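Colleague: Can you read through this structure? Questions will come right after.
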Amino acid sequence: MSTSKMIPSRVTSSPFSIAQRASKLPRGTHVAQQRCFRGQNQSRVAVASRIPSSRRAGLFLSIAVGGGVLYSLGYPRTLHAEEIPAPAEVKFEQARRKATSREENRDLISSQHLQVKKSWENPGVYAWGSNSGRVVAPDSDEISIKAPRRIPYFDGKLIRDIKMDRNFGAAIAENGDLLQWGTGFSTVTTDPTLTLTGKDLVKLTISRDRIVALSSDGNLYSVSASQKDQLAGPKPLESTWFPYWSSRSNISYRTIQLKDLSWGERISDISTGLEHSLILTSKGRLFSAATGTENFPSKGQLGIPGLTWTTRPDGPVDQPHEISTLKGFEIAKIAAGDFHSLAADRAGRVFAFGDNSVGQLGFDPSAESPIIDAPSLLPIDKLYKGTSSIPKVTDIAAGGVNSFFTIDATRIAGQGEDDPRGLGRVTADTWACGQGIFGGLGNGRWTHVQGTPTKIKALSGLYEYDEVKSTVIPIRLASMSVGATHMSAVMNNITNLRANKHSSENDTNWGADVLWWGGNEFYQVGTGKRNNVNNPTYIAPLDVEADKEKGRREEHRFQITPRTNIRLGGRTVSVEQRIECGRGVTAVYSGT
């Protein structure tokens, strides 16, 4: 508005200034003109003396014509000065509510302290994402749950593990019994129901239609995700409290047994894809087995070349097979995606096998050979070529069609370096490969296929100052959970759980940072929006209302509470919060 008012003023003022300069021409100039014509006839001198008058007439004529043109174009006939804006109203921050106790003051000044406190006082399970199978919210008909919501059944309870699919969920109660729910389990009951009991289960995984659970004594059990199949299938004999007496189990299940275990060797870890399981022993030996009810693994994920439905040996379909290629390597970490497998040994070497159609094994995919059916060593050293750093893989994770590697890169003296600095400094990095079209690579790009691992910058090269050790330390990942298309990473940053009744009123507790990214079709990332996320991001606290009750209007980030001993129900228990990213769903739970 101000520009349009000032334009005529500038246009009309220019001719007037020219006219004024012309009319006020110095007398010396006129005399000079006359001097130039001396010695010539008088008429020419007279003409020269009349030139200024003709110029003035021309200028006035130009002004008149220009004004008419501006008038015809609709320019404002009157000019107005710009209106002086009213002074801004200064709003002062409202005074914070006055605390009546030391603990209340901590709640008021720190959202993180309040989050830690709530996780101790009221443990349970928060869940969000797809609710098409009534897993996230068993008591609701909503298709999607956009924000973290508690599952009422688990209020005030601790659990050992939880796994969730869009159609069924499974959890291990604090006493080691198996709980199942969701429409894939039963269309009649909605609350979690006890199924496999008395086995002292400690860990579970899920395939497309089965649950594989590991007990504290190293036994492995396979249970159908469907209650109908559990009741209709063969029920094994179980021992009882009475010697030489056995009875039939209440449900049908299978026991998966490994052959030729050495003295003291037992199953220590399991990881499951849609159709297969990886089984790790305490001696570092790796086995694989079929886990799906409908299909036998056919994408090389078992790690045994030539093993198919037709060439399988006699015996149960789900019998384990040792991956002989890895004999001699002490395997320490395992991870399974939908149709691919990862294994890392204690020396930090990674082996990958199975489906590589989008580069999830860490190799560039080939249309002619999309499957690698034998464990293949990943060339991790190439990722640090020319950096004067030696990499060592510290952890692996997989899910869907993605794989992740955490690496400690140690600085060494490079060739030709006269005065190398920072020798021995460790940089903690996180790398990803596979499909990135939903943002699962976490590198800020939407890549269809990623064979060569790409660095997740938001989770790499991070440091913090350790006041206890008086030194700068790298920030590593404490854990990762990988779902079908979305992921979460818990940072191993410095936490504080030592605030107590004797410490300062400003001494607060805080937990570990958590970042989320990937596919968000069912709101499973937790941002409250449905758009996919290709860069790791924070989400709001699980209990936003608790923050609002304390008068906080600004939004804080969710932090997870690390393991500690607390008093719960008159007893002392060791508890921590954990995250589970499933297939279109997410859960945060209080785990023992």
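FYI, nothing fancy with the structure tokens labels: chains A, B, ... in order, residues from 1 per chain, ligands from 1 as they appear.
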With a distance cut-off of 6 Å and only C-alpha atoms, select the neighbouring residues of A:Pro365, excluding the residue or stretch itself and same-chain residues fewer than 2 positions from it, and output the selection as JSON, numbers by chain.

Modeller: {"A": [356, 357, 359]}

Colleague: Hey, what's within 9 Å of stretch 148-161 of chain A if we count only C-alpha atoms and toss same-chain stuff fewer than 6 positions away? As a ChimeraX atom specification, please?

Modeller: /A:121-129,136-139,170-176,191-192,201-204,526,541-543,568,575,578,580,586-592

Colleague: Give me the residues near A:Gln112 as a ChimeraX atom specification, where near means some atom within 10 Å (using only C-alpha atoms) and where sequence neighbours in that chain fewer than 5 positions away do not count.

Modeller: /A:106-107,117-118,508-512,541,547,556-561

Colleague: Mind checking which residues fall within 12 Å of A:Arg530, counting only C-alpha atoms, ignoring those fewer than 6 positions away in the same chain, and posting them as a list in words?

Modeller: Gly129, Ser130, Ser144, Ile145, Lys146, Ala147, Phe438, Trp517, Gly518, Gly519, Asn520, Glu521, Phe522, Tyr523, Gln524 and Gly584 of chain A

Colleague: If we count only C-alpha atoms, what is near A:Ile331 at a cut-off of 6 Å, once residues fewer than 4 positions away on the same chain are taken out, given as a list in words?

Modeller: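 Skipping anything fewer than 4 positions along the chain leaves Gly284, Ala344 and Asp345 of chain A.
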
Colleague: Take the residues just selected and output them with N, CA, C and O atoms as a compact mmCIF listing (two decimals), in the first residue's frame.

Modeller:
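Result saved to again.txt:
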# COMPACT_ATOMS: atom_id res chain seq x y z
N GLY A 284 27.99 -69.42 20.27
CA GLY A 284 28.19 -68.65 19.05
C GLY A 284 27.84 -69.39 17.78
O GLY A 284 28.20 -68.95 16.68
N ALA A 344 26.42 -60.98 13.14
CA ALA A 344 27.69 -60.31 13.42
C ALA A 344 28.47 -61.13 14.44
O ALA A 344 27.89 -61.63 15.41
N ASP A 345 29.78 -61.27 14.20
CA ASP A 345 30.59 -62.04 15.15
C ASP A 345 31.25 -61.10 16.16
O ASP A 345 31.12 -59.87 16.07

Colleague: I'd like the contact shell of stretch 412-416 of chain A - 9 Å cut-off, only C-alpha atoms, skipping same-chain residues fewer than 5 positions apart - returned as number ranges by chain.

Modeller: A: 386-390, 421-425

Colleague: Go through A:Arg254, A:Lys299, A:Lys228, A:His448 and flag the residue nearest A:Pro370, using only C-alpha atoms for the distances.

Modeller: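 Closest candidate: A:Lys299.
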
Colleague: For stretch 474-483 of chain A, list every protein, DNA or RNA residue within 6 Å, evaluated using only C-alpha atoms, and leave out those in the same chain fewer than 5 positions away; present the list as a list in words.

Modeller: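 Close residues of stretch 474-483 of chain A: Gly399, Ala428, Leu462, Tyr463, Ser488, Ala489, Val490, Met491, Asn492, Asn493, Glu580, Cys581, Gly582 and Arg583 of chain A.
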
Colleague: Could you pull out the helix (DSSP H, G or I) residues of stretch 195-429 of chain A, going by DSSP on the backbone, and write them as a list in words?

Modeller: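 Matching residues for helix (DSSP H, G or I) in stretch 195-429 of chain A are Gln227, Lys228, Asp229, Gln230, Leu231, Ala232, Ser324, Thr325, Leu326, Ile380, Asp381, Lys382, Leu383 and Tyr384 of chain A.
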
Colleague: Please save all heavy atoms of the selected residues as a JSON list (two decimals), in the first residue's frame.

Modeller:
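This is the output file result05.json:
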[["chain", "number", "residue", "atom", "x", "y", "z"],
["A", 227, "GLN", "N", -6.18, -68.48, 18.22],
["A", 227, "GLN", "CA", -6.74, -69.29, 19.30],
["A", 227, "GLN", "C", -7.44, -70.52, 18.75],
["A", 227, "GLN", "O", -7.39, -71.60, 19.36],
["A", 227, "GLN", "CB", -7.72, -68.44, 20.12],
["A", 227, "GLN", "CG", -8.24, -69.15, 21.36],
["A", 227, "GLN", "CD", -9.25, -68.29, 22.11],
["A", 227, "GLN", "OE1", -10.20, -67.77, 21.54],
["A", 227, "GLN", "NE2", -9.02, -68.12, 23.41],
["A", 228, "LYS", "N", -8.07, -70.39, 17.61],
["A", 228, "LYS", "CA", -8.75, -71.53, 17.00],
["A", 228, "LYS", "C", -7.78, -72.66, 16.70],
["A", 228, "LYS", "O", -8.07, -73.83, 16.97],
["A", 228, "LYS", "CB", -9.46, -71.07, 15.72],
["A", 228, "LYS", "CG", -10.23, -72.16, 15.00],
["A", 228, "LYS", "CD", -10.91, -71.59, 13.75],
["A", 228, "LYS", "CE", -11.65, -72.70, 13.01],
["A", 228, "LYS", "NZ", -12.31, -72.17, 11.78],
["A", 229, "ASP", "N", -6.62, -72.33, 16.15],
["A", 229, "ASP", "CA", -5.62, -73.35, 15.86],
["A", 229, "ASP", "C", -5.04, -73.94, 17.14],
["A", 229, "ASP", "O", -4.72, -75.14, 17.19],
["A", 229, "ASP", "CB", -4.49, -72.76, 15.01],
["A", 229, "ASP", "CG", -4.96, -72.40, 13.60],
["A", 229, "ASP", "OD1", -6.02, -72.90, 13.19],
["A", 229, "ASP", "OD2", -4.27, -71.60, 12.94],
["A", 230, "GLN", "N", -4.89, -73.12, 18.16],
["A", 230, "GLN", "CA", -4.37, -73.62, 19.43],
["A", 230, "GLN", "C", -5.29, -74.67, 20.04],
["A", 230, "GLN", "O", -4.83, -75.66, 20.62],
["A", 230, "GLN", "CB", -4.19, -72.46, 20.42],
["A", 230, "GLN", "CG", -3.10, -71.48, 20.05],
["A", 230, "GLN", "CD", -3.03, -70.32, 21.03],
["A", 230, "GLN", "OE1", -3.68, -70.32, 22.08],
["A", 230, "GLN", "NE2", -2.22, -69.32, 20.70],
["A", 231, "LEU", "N", -6.59, -74.46, 19.92],
["A", 231, "LEU", "CA", -7.54, -75.39, 20.51],
["A", 231, "LEU", "C", -7.75, -76.63, 19.65],
["A", 231, "LEU", "O", -8.07, -77.71, 20.17],
["A", 231, "LEU", "CB", -8.88, -74.68, 20.74],
["A", 231, "LEU", "CG", -8.85, -73.48, 21.69],
["A", 231, "LEU", "CD1", -10.23, -72.82, 21.78],
["A", 231, "LEU", "CD2", -8.38, -73.89, 23.07],
["A", 232, "ALA", "N", -7.58, -76.50, 18.34],
["A", 232, "ALA", "CA", -7.85, -77.62, 17.44],
["A", 232, "ALA", "C", -6.63, -78.50, 17.21],
["A", 232, "ALA", "O", -6.78, -79.69, 16.87],
["A", 232, "ALA", "CB", -8.35, -77.09, 16.10],
["A", 324, "SER", "N", 26.30, -74.00, 8.30],
["A", 324, "SER", "CA", 27.67, -74.52, 8.34],
["A", 324, "SER", "C", 28.69, -73.51, 7.84],
["A", 324, "SER", "O", 29.86, -73.56, 8.23],
["A", 324, "SER", "CB", 27.76, -75.81, 7.52],
["A", 324, "SER", "OG", 27.34, -75.59, 6.18],
["A", 325, "THR", "N", 28.28, -72.60, 6.97],
["A", 325, "THR", "CA", 29.21, -71.60, 6.43],
["A", 325, "THR", "C", 29.81, -70.75, 7.55],
["A", 325, "THR", "O", 30.93, -70.26, 7.41],
["A", 325, "THR", "CB", 28.48, -70.70, 5.41],
["A", 325, "THR", "OG1", 27.82, -71.52, 4.47],
["A", 325, "THR", "CG2", 29.46, -69.79, 4.71],
["A", 326, "LEU", "N", 29.09, -70.59, 8.64],
["A", 326, "LEU", "CA", 29.54, -69.71, 9.72],
["A", 326, "LEU", "C", 30.25, -70.48, 10.84],
["A", 326, "LEU", "O", 30.53, -69.90, 11.89],
["A", 326, "LEU", "CB", 28.35, -68.94, 10.29],
["A", 326, "LEU", "CG", 27.68, -67.96, 9.31],
["A", 326, "LEU", "CD1", 26.48, -67.29, 9.97],
["A", 326, "LEU", "CD2", 28.67, -66.91, 8.82],
["A", 380, "ILE", "N", 32.68, -53.76, 5.21],
["A", 380, "ILE", "CA", 32.48, -52.56, 6.04],
["A", 380, "ILE", "C", 33.65, -51.59, 5.93],
["A", 380, "ILE", "O", 33.47, -50.36, 5.99],
["A", 380, "ILE", "CB", 32.27, -52.97, 7.52],
["A", 380, "ILE", "CG1", 30.99, -53.81, 7.66],
["A", 380, "ILE", "CG2", 32.19, -51.75, 8.43],
["A", 380, "ILE", "CD1", 29.72, -53.07, 7.32],
["A", 381, "ASP", "N", 34.88, -52.10, 5.74],
["A", 381, "ASP", "CA", 36.06, -51.23, 5.66],
["A", 381, "ASP", "C", 35.95, -50.21, 4.54],
["A", 381, "ASP", "O", 36.50, -49.11, 4.64],
["A", 381, "ASP", "CB", 37.32, -52.09, 5.47],
["A", 381, "ASP", "CG", 37.67, -52.90, 6.70],
["A", 381, "ASP", "OD1", 37.11, -52.59, 7.78],
["A", 381, "ASP", "OD2", 38.47, -53.85, 6.60],
["A", 382, "LYS", "N", 35.24, -50.56, 3.47],
["A", 382, "LYS", "CA", 35.11, -49.63, 2.34],
["A", 382, "LYS", "C", 34.36, -48.35, 2.73],
["A", 382, "LYS", "O", 34.54, -47.32, 2.10],
["A", 382, "LYS", "CB", 34.39, -50.32, 1.18],
["A", 382, "LYS", "CG", 35.24, -51.37, 0.47],
["A", 382, "LYS", "CD", 34.51, -51.90, -0.76],
["A", 382, "LYS", "CE", 35.38, -52.90, -1.51],
["A", 382, "LYS", "NZ", 34.69, -53.43, -2.72],
["A", 383, "LEU", "N", 33.52, -48.45, 3.74],
["A", 383, "LEU", "CA", 32.76, -47.27, 4.16],
["A", 383, "LEU", "C", 33.67, -46.21, 4.75],
["A", 383, "LEU", "O", 33.31, -45.03, 4.80],
["A", 383, "LEU", "CB", 31.70, -47.67, 5.19],
["A", 383, "LEU", "CG", 30.66, -48.71, 4.75],
["A", 383, "LEU", "CD1", 29.71, -49.03, 5.91],
["A", 383, "LEU", "CD2", 29.86, -48.20, 3.56],
["A", 384, "TYR", "N", 34.86, -46.61, 5.21],
["A", 384, "TYR", "CA", 35.78, -45.66, 5.86],
["A", 384, "TYR", "C", 37.09, -45.54, 5.09],
["A", 384, "TYR", "O", 38.10, -45.13, 5.66],
["A", 384, "TYR", "CB", 36.04, -46.11, 7.30],
["A", 384, "TYR", "CG", 34.84, -45.95, 8.20],
["A", 384, "TYR", "CD1", 33.88, -46.95, 8.27],
["A", 384, "TYR", "CD2", 34.64, -44.79, 8.93],
["A", 384, "TYR", "CE1", 32.75, -46.80, 9.07],
["A", 384, "TYR", "CE2", 33.52, -44.64, 9.74],
["A", 384, "TYR", "CZ", 32.58, -45.65, 9.80],
["A", 384, "TYR", "OH", 31.47, -45.50, 10.60]]

Colleague: What parts of stretch 360-452 of chain A does DSSP call strand (DSSP E)? I'd like the answer as an NGL selection string.

Modeller: :A and (371-377 or 389-399 or 402-411 or 426-434 or 450-452)

Colleague: What does the file look like for those residues with N, CA and C atoms, as a short mmCIF file (atom, residue, chain, number, x, y, z; two decimals), in the first residue's frame?

Modeller:
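Written output follows (again-v8.cif):
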data_model
loop_
_atom_site.label_atom_id
_atom_site.label_comp_id
_atom_site.auth_asym_id
_atom_site.auth_seq_id
_atom_site.Cartn_x
_atom_site.Cartn_y
_atom_site.Cartn_z
N ILE A 371 18.69 -62.74 -4.91
CA ILE A 371 18.77 -63.54 -3.69
C ILE A 371 20.21 -64.01 -3.47
N ILE A 372 20.67 -63.90 -2.22
CA ILE A 372 21.97 -64.43 -1.83
C ILE A 372 21.70 -65.48 -0.76
N ASP A 373 21.88 -66.75 -1.09
CA ASP A 373 21.44 -67.82 -0.19
C ASP A 373 22.54 -68.35 0.73
N ALA A 374 23.72 -67.76 0.69
CA ALA A 374 24.81 -68.14 1.59
C ALA A 374 25.33 -66.91 2.31
N PRO A 375 25.70 -67.01 3.58
CA PRO A 375 26.22 -65.85 4.31
C PRO A 375 27.39 -65.21 3.58
N SER A 376 27.29 -63.91 3.36
CA SER A 376 28.32 -63.16 2.63
C SER A 376 28.83 -62.03 3.51
N LEU A 377 30.15 -61.88 3.53
CA LEU A 377 30.79 -60.88 4.39
C LEU A 377 30.62 -59.50 3.79
N SER A 389 40.52 -44.26 9.74
CA SER A 389 39.74 -44.82 10.84
C SER A 389 39.54 -46.32 10.60
N ILE A 390 39.56 -47.07 11.68
CA ILE A 390 39.31 -48.51 11.61
C ILE A 390 37.91 -48.78 12.16
N PRO A 391 37.00 -49.33 11.35
CA PRO A 391 35.62 -49.56 11.81
C PRO A 391 35.45 -50.93 12.45
N LYS A 392 34.56 -50.97 13.42
CA LYS A 392 34.14 -52.24 14.03
C LYS A 392 32.65 -52.17 14.30
N VAL A 393 31.92 -53.15 13.79
CA VAL A 393 30.47 -53.18 13.98
C VAL A 393 30.17 -53.57 15.42
N THR A 394 29.37 -52.75 16.10
CA THR A 394 29.02 -53.02 17.49
C THR A 394 27.62 -53.58 17.65
N ASP A 395 26.75 -53.36 16.67
CA ASP A 395 25.39 -53.90 16.77
C ASP A 395 24.75 -53.90 15.40
N ILE A 396 23.71 -54.71 15.25
CA ILE A 396 22.96 -54.81 14.00
C ILE A 396 21.47 -54.82 14.32
N ALA A 397 20.68 -54.43 13.34
CA ALA A 397 19.22 -54.46 13.49
C ALA A 397 18.61 -54.61 12.11
N ALA A 398 17.44 -55.23 12.04
CA ALA A 398 16.77 -55.44 10.76
C ALA A 398 15.27 -55.53 10.97
N GLY A 399 14.55 -55.24 9.92
CA GLY A 399 13.10 -55.34 9.94
C GLY A 399 12.56 -54.95 8.58
N ASN A 402 14.81 -53.45 5.49
CA ASN A 402 15.89 -52.56 5.88
C ASN A 402 16.85 -53.23 6.84
N SER A 403 18.11 -52.79 6.81
CA SER A 403 19.13 -53.25 7.74
C SER A 403 19.89 -52.06 8.29
N PHE A 404 20.38 -52.20 9.53
CA PHE A 404 21.09 -51.11 10.20
C PHE A 404 22.33 -51.67 10.90
N PHE A 405 23.39 -50.84 10.91
CA PHE A 405 24.64 -51.22 11.54
C PHE A 405 25.15 -50.05 12.37
N THR A 406 25.52 -50.31 13.61
CA THR A 406 26.19 -49.29 14.41
C THR A 406 27.67 -49.63 14.43
N ILE A 407 28.52 -48.63 14.22
CA ILE A 407 29.95 -48.85 14.03
C ILE A 407 30.74 -47.89 14.92
N ASP A 408 31.75 -48.42 15.57
CA ASP A 408 32.75 -47.60 16.26
C ASP A 408 33.95 -47.46 15.33
N ALA A 409 34.25 -46.23 14.93
CA ALA A 409 35.39 -45.97 14.05
C ALA A 409 36.50 -45.33 14.88
N THR A 410 37.63 -46.00 14.99
CA THR A 410 38.75 -45.54 15.80
C THR A 410 39.79 -44.85 14.94
N ARG A 411 40.18 -43.65 15.34
CA ARG A 411 41.16 -42.85 14.60
C ARG A 411 42.56 -43.44 14.75
N VAL A 426 37.26 -42.27 19.24
CA VAL A 426 36.22 -43.14 18.68
C VAL A 426 35.03 -42.31 18.24
N THR A 427 34.59 -42.55 17.02
CA THR A 427 33.38 -41.93 16.49
C THR A 427 32.33 -43.01 16.30
N ALA A 428 31.16 -42.80 16.88
CA ALA A 428 30.06 -43.77 16.78
C ALA A 428 29.12 -43.36 15.65
N ASP A 429 28.97 -44.24 14.66
CA ASP A 429 28.14 -43.96 13.50
C ASP A 429 27.06 -45.01 13.34
N THR A 430 25.99 -44.63 12.64
CA THR A 430 24.90 -45.55 12.31
C THR A 430 24.67 -45.53 10.81
N TRP A 431 24.62 -46.71 10.21
CA TRP A 431 24.46 -46.85 8.76
C TRP A 431 23.19 -47.64 8.45
N ALA A 432 22.63 -47.39 7.27
CA ALA A 432 21.40 -48.06 6.87
C ALA A 432 21.46 -48.45 5.41
N CYS A 433 20.73 -49.50 5.05
CA CYS A 433 20.59 -49.89 3.64
C CYS A 433 19.22 -50.53 3.45
N GLY A 434 18.83 -50.65 2.19
CA GLY A 434 17.52 -51.21 1.88
C GLY A 434 16.63 -50.19 1.20
N GLN A 450 18.75 -48.90 -1.95
CA GLN A 450 20.02 -48.46 -1.39
C GLN A 450 20.85 -49.69 -1.02
N GLY A 451 21.76 -50.08 -1.90
CA GLY A 451 22.60 -51.24 -1.65
C GLY A 451 23.77 -50.90 -0.75
N THR A 452 24.58 -49.92 -1.13
CA THR A 452 25.70 -49.50 -0.30
C THR A 452 25.16 -48.77 0.93
#
